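Enquirer: One structure, pasted below without further comment.
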Amino acid sequence: MSQTVAQEASSASGSPADPGPFLNGMDSVKRGSDGLAVAVCSEQGSLRDRIYATLRAGGHSVISRSATGEELLASCNGTKPSCVVIAADRPARSALDTVRLVRSQLGRVCAVLVCRRAPVADVRRALELGVDGVVLAGDADQALAAVIVTVCAGQVSAPAGQRRAVRPRALTAREKQILTLVVAGLTNSQIASELFLAESTVKSHLSSAFGKLAVSSRSEAVAVILDPERGPGLGISAFQPGLVRASTG
């Protein structure tokens, strides 16, 4: 099984290689004789059936198997699941919209995404917007049942290779200043002139900032900063000529 970040946190009370004590300790979390009640949403029938079989084998009760969020809500018949599992190619906006739709009708239920691929930036955005767990489709057979228990116990779970999505590093004041000018459309040379820095220094700060934002280009960084749901939390204000230079003096 690929170890999740949330499971790693349990190593203080048990062996990291043996999550049994950790999982057993959570058996009382909203679990009945047939495990947790789960609703599954996937447009792919074969994947939907695979997730169903995996959850049943893991001791959970699947109360709904649907292709869309609307069908999921209709098939639940007012019964609120402990967790909804939504399968998607990646943690993109369509999957997040399905989470919002379900929660708008059922209230705050745990949500886990099962994705074929999961870029760090997508995982981070999903977690920031309230998704409780992300599981790679290739790991679902071994990890999904345990992840559902984990998130229903109030933890966040992500693939071990996506630690940066769970523990992003904060931008420095200088990185925020430079990103502000990037959004304003300035080149590295112009930013260097504005901030009285060497152009190589600007490039170094940008490289560090890109890593923290989990992006690889200026356009991707600008998209994150201008995203109305993610951008405000970065603390990057709109560019006003002269103010950035003055703030560094």
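Each chain in the structure tokens gets a letter, A, B and so on, in the order shown; residues start at 1 in every chain, and ligands are counted from 1 in the order they appear.
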Taking a cut-off of 9 Å and counting only C-alpha atoms, can you build a table that, for each residue of region 35-150 of chain A near region 211-233 of chain A, reports the nearest atom pair and how far apart they are in Å (one decimal), sorted by chain then residue number, as CSV?
Expert:
```
residue,atom,partner,partner_atom,distance
A:Pro119,CA,A:Ala214,CA,8.5
A:Val120,CA,A:Ala214,CA,6.1
A:Ala121,CA,A:Ala214,CA,5.0
A:Asp122,CA,A:Ala214,CA,8.8
A:Arg124,CA,A:Ala214,CA,8.5
A:Arg125,CA,A:Arg230,CA,7.2
A:Glu128,CA,A:Arg230,CA,7.6
A:Leu129,CA,A:Glu229,CA,7.7
```
Enquirer: For the residues in that selection, give me C-alpha atoms as a PDB file, in the first residue's frame.
Expert:
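Below you can see out_14.pdb, which holds the result:
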```
ATOM      1  CA  PRO A 119      -0.250  16.853 -10.169  1.00  0.00           C
ATOM      2  CA  VAL A 120       0.868  18.561  -6.952  1.00  0.00           C
ATOM      3  CA  ALA A 121      -0.795  21.853  -7.911  1.00  0.00           C
ATOM      4  CA  ASP A 122      -4.132  20.090  -8.492  1.00  0.00           C
ATOM      5  CA  ARG A 124      -3.076  21.324  -3.305  1.00  0.00           C
ATOM      6  CA  ARG A 125      -5.989  23.214  -4.838  1.00  0.00           C
ATOM      7  CA  GLU A 128      -7.472  23.999  -0.102  1.00  0.00           C
ATOM      8  CA  LEU A 129     -11.050  23.898  -1.397  1.00  0.00           C
TER       9      LEU A 129
END
```
Enquirer: So which residues of region 32-206 of chain A fall under helix (DSSP H, G or I) by DSSP, listed as a PyMOL selection string?
Expert: chain A and resi 45-57+69-76+93-106+120-128+137-152+160-166+173-183+188-195+199-206
Enquirer: Can you tell me, as a list in words, what residues are no more than 12 Å from Thr187 (chain A) when counting only C-alpha atoms, ignoring any on the same chain fewer than 4 positions away?
Expert: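 Non-adjacent residues within range: Ile178, Leu179, Thr180, Leu181, Val182, Val183, Ile191, Ala192, Ser193, Glu194, Glu199, Val202, Lys203, Leu206 and Arg218 of chain A.
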Enquirer: What's the 9 Å shell around Pro91 (chain A), counting only C-alpha atoms, without same-chain residues fewer than 5 positions away, as a list in words?
Expert: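 Here the qualifying residues turn out to be Leu96, Leu113, Val114, Cys115, Arg117, Ala118, Pro119, Asp122, Val123, Arg125, Ala126 and Val134 of chain A.
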Enquirer: Could you pull out the residues in region 21-158 of chain A that DSSP calls strand (DSSP E) from the backbone, as a ChimeraX atom specification?
Expert: /A:37-41,61-66,83-88,110-115,133-136
Enquirer: For CA of Ile63 (chain A) and CA of Ala92 (chain A), determine how far apart the two atoms are, in Å to one decimal place.
Expert: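 Separation between CA of Ile63 (chain A) and CA of Ala92 (chain A): 25.1 Å.
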Enquirer: Name the closest residue to Val147 (chain A) among the candidates A:Ser66, A:Cys110, A:Gly161, A:Ser200; distances are taken between atoms, counting only C-alpha atoms.
Expert: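 When distances to Val147 (chain A) are compared using only C-alpha atoms, the smallest one comes from A:Cys110.
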Enquirer: So which one's closest to Val109 (chain A), A:Ala74, A:Ala146, A:Cys83, A:Val62? Using only C-alpha atoms, please.
Expert: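 For Val109 (chain A), the nearest of the given residues is A:Cys83.
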Enquirer: Might you pull out every residue within 9 Å of region 99-105 of chain A, with only C-alpha atoms counted and same-chain residues fewer than 5 positions away left off, and present them as a tab-separated table (two decimals) with N, CA and C atoms, in the first residue's frame?
Expert:
```
chain	number	residue	atom	x	y	z
A	69	GLY	N	-23.10	13.62	-10.17
A	69	GLY	CA	-23.47	14.12	-8.86
A	69	GLY	C	-24.98	14.17	-8.67
A	70	GLU	N	-25.69	14.55	-9.73
A	70	GLU	CA	-27.15	14.62	-9.66
A	70	GLU	C	-27.74	13.23	-9.38
A	72	LEU	N	-26.20	10.77	-7.98
A	72	LEU	CA	-25.81	10.37	-6.63
A	72	LEU	C	-26.81	10.91	-5.62
A	73	LEU	N	-27.15	12.18	-5.74
A	73	LEU	CA	-28.10	12.78	-4.80
A	73	LEU	C	-29.46	12.10	-4.88
A	78	GLY	N	-32.10	11.01	0.32
A	78	GLY	CA	-32.07	11.74	1.57
A	78	GLY	C	-31.15	11.16	2.62
A	84	VAL	N	-18.26	10.61	0.38
A	84	VAL	CA	-18.50	10.42	-1.04
A	84	VAL	C	-17.16	10.22	-1.72
A	86	ILE	N	-15.41	10.26	-5.40
A	86	ILE	CA	-15.62	10.75	-6.76
A	86	ILE	C	-14.39	10.41	-7.60
A	94	SER	N	-14.07	20.09	-12.53
A	94	SER	CA	-15.31	19.33	-12.64
A	94	SER	C	-15.53	18.44	-11.42
A	111	ALA	N	-15.15	13.96	1.54
A	111	ALA	CA	-15.04	13.74	0.10
A	111	ALA	C	-13.63	13.25	-0.24
A	130	GLY	N	-11.36	22.10	0.19
A	130	GLY	CA	-12.18	21.29	1.08
A	130	GLY	C	-12.24	19.80	0.82
A	131	VAL	N	-11.56	19.29	-0.21
A	131	VAL	CA	-11.51	17.85	-0.41
A	131	VAL	C	-10.68	17.25	0.73
```
Enquirer: I'd like the interatomic distance between CA of Ala145 (chain A) and CA of Ala95 (chain A), to a tenth of an Å.
Expert: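 It comes out at 19.7 Å.
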Enquirer: One number please: CA of Lys80 (chain A) to CA of Ile51 (chain A), in Å, one decimal.
Expert: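 Interatomic distance, CA of Lys80 (chain A) to CA of Ile51 (chain A): 19.0 Å.
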Enquirer: Pick out the closest residue to Ala173 (chain A) from this set: A:Leu106, A:Leu234, A:Leu144, A:Ala160. Count only C-alpha atoms.
Expert: A:Leu234
Enquirer: Looking at A:Arg90, A:Arg48, A:His205, A:His60, which one is nearest to Gly35 (chain A), with distances taken over only C-alpha atoms?
Expert: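 Of A:Arg90, A:Arg48, A:His205, A:His60, the one nearest Gly35 (chain A), counting only C-alpha atoms, is A:His60.
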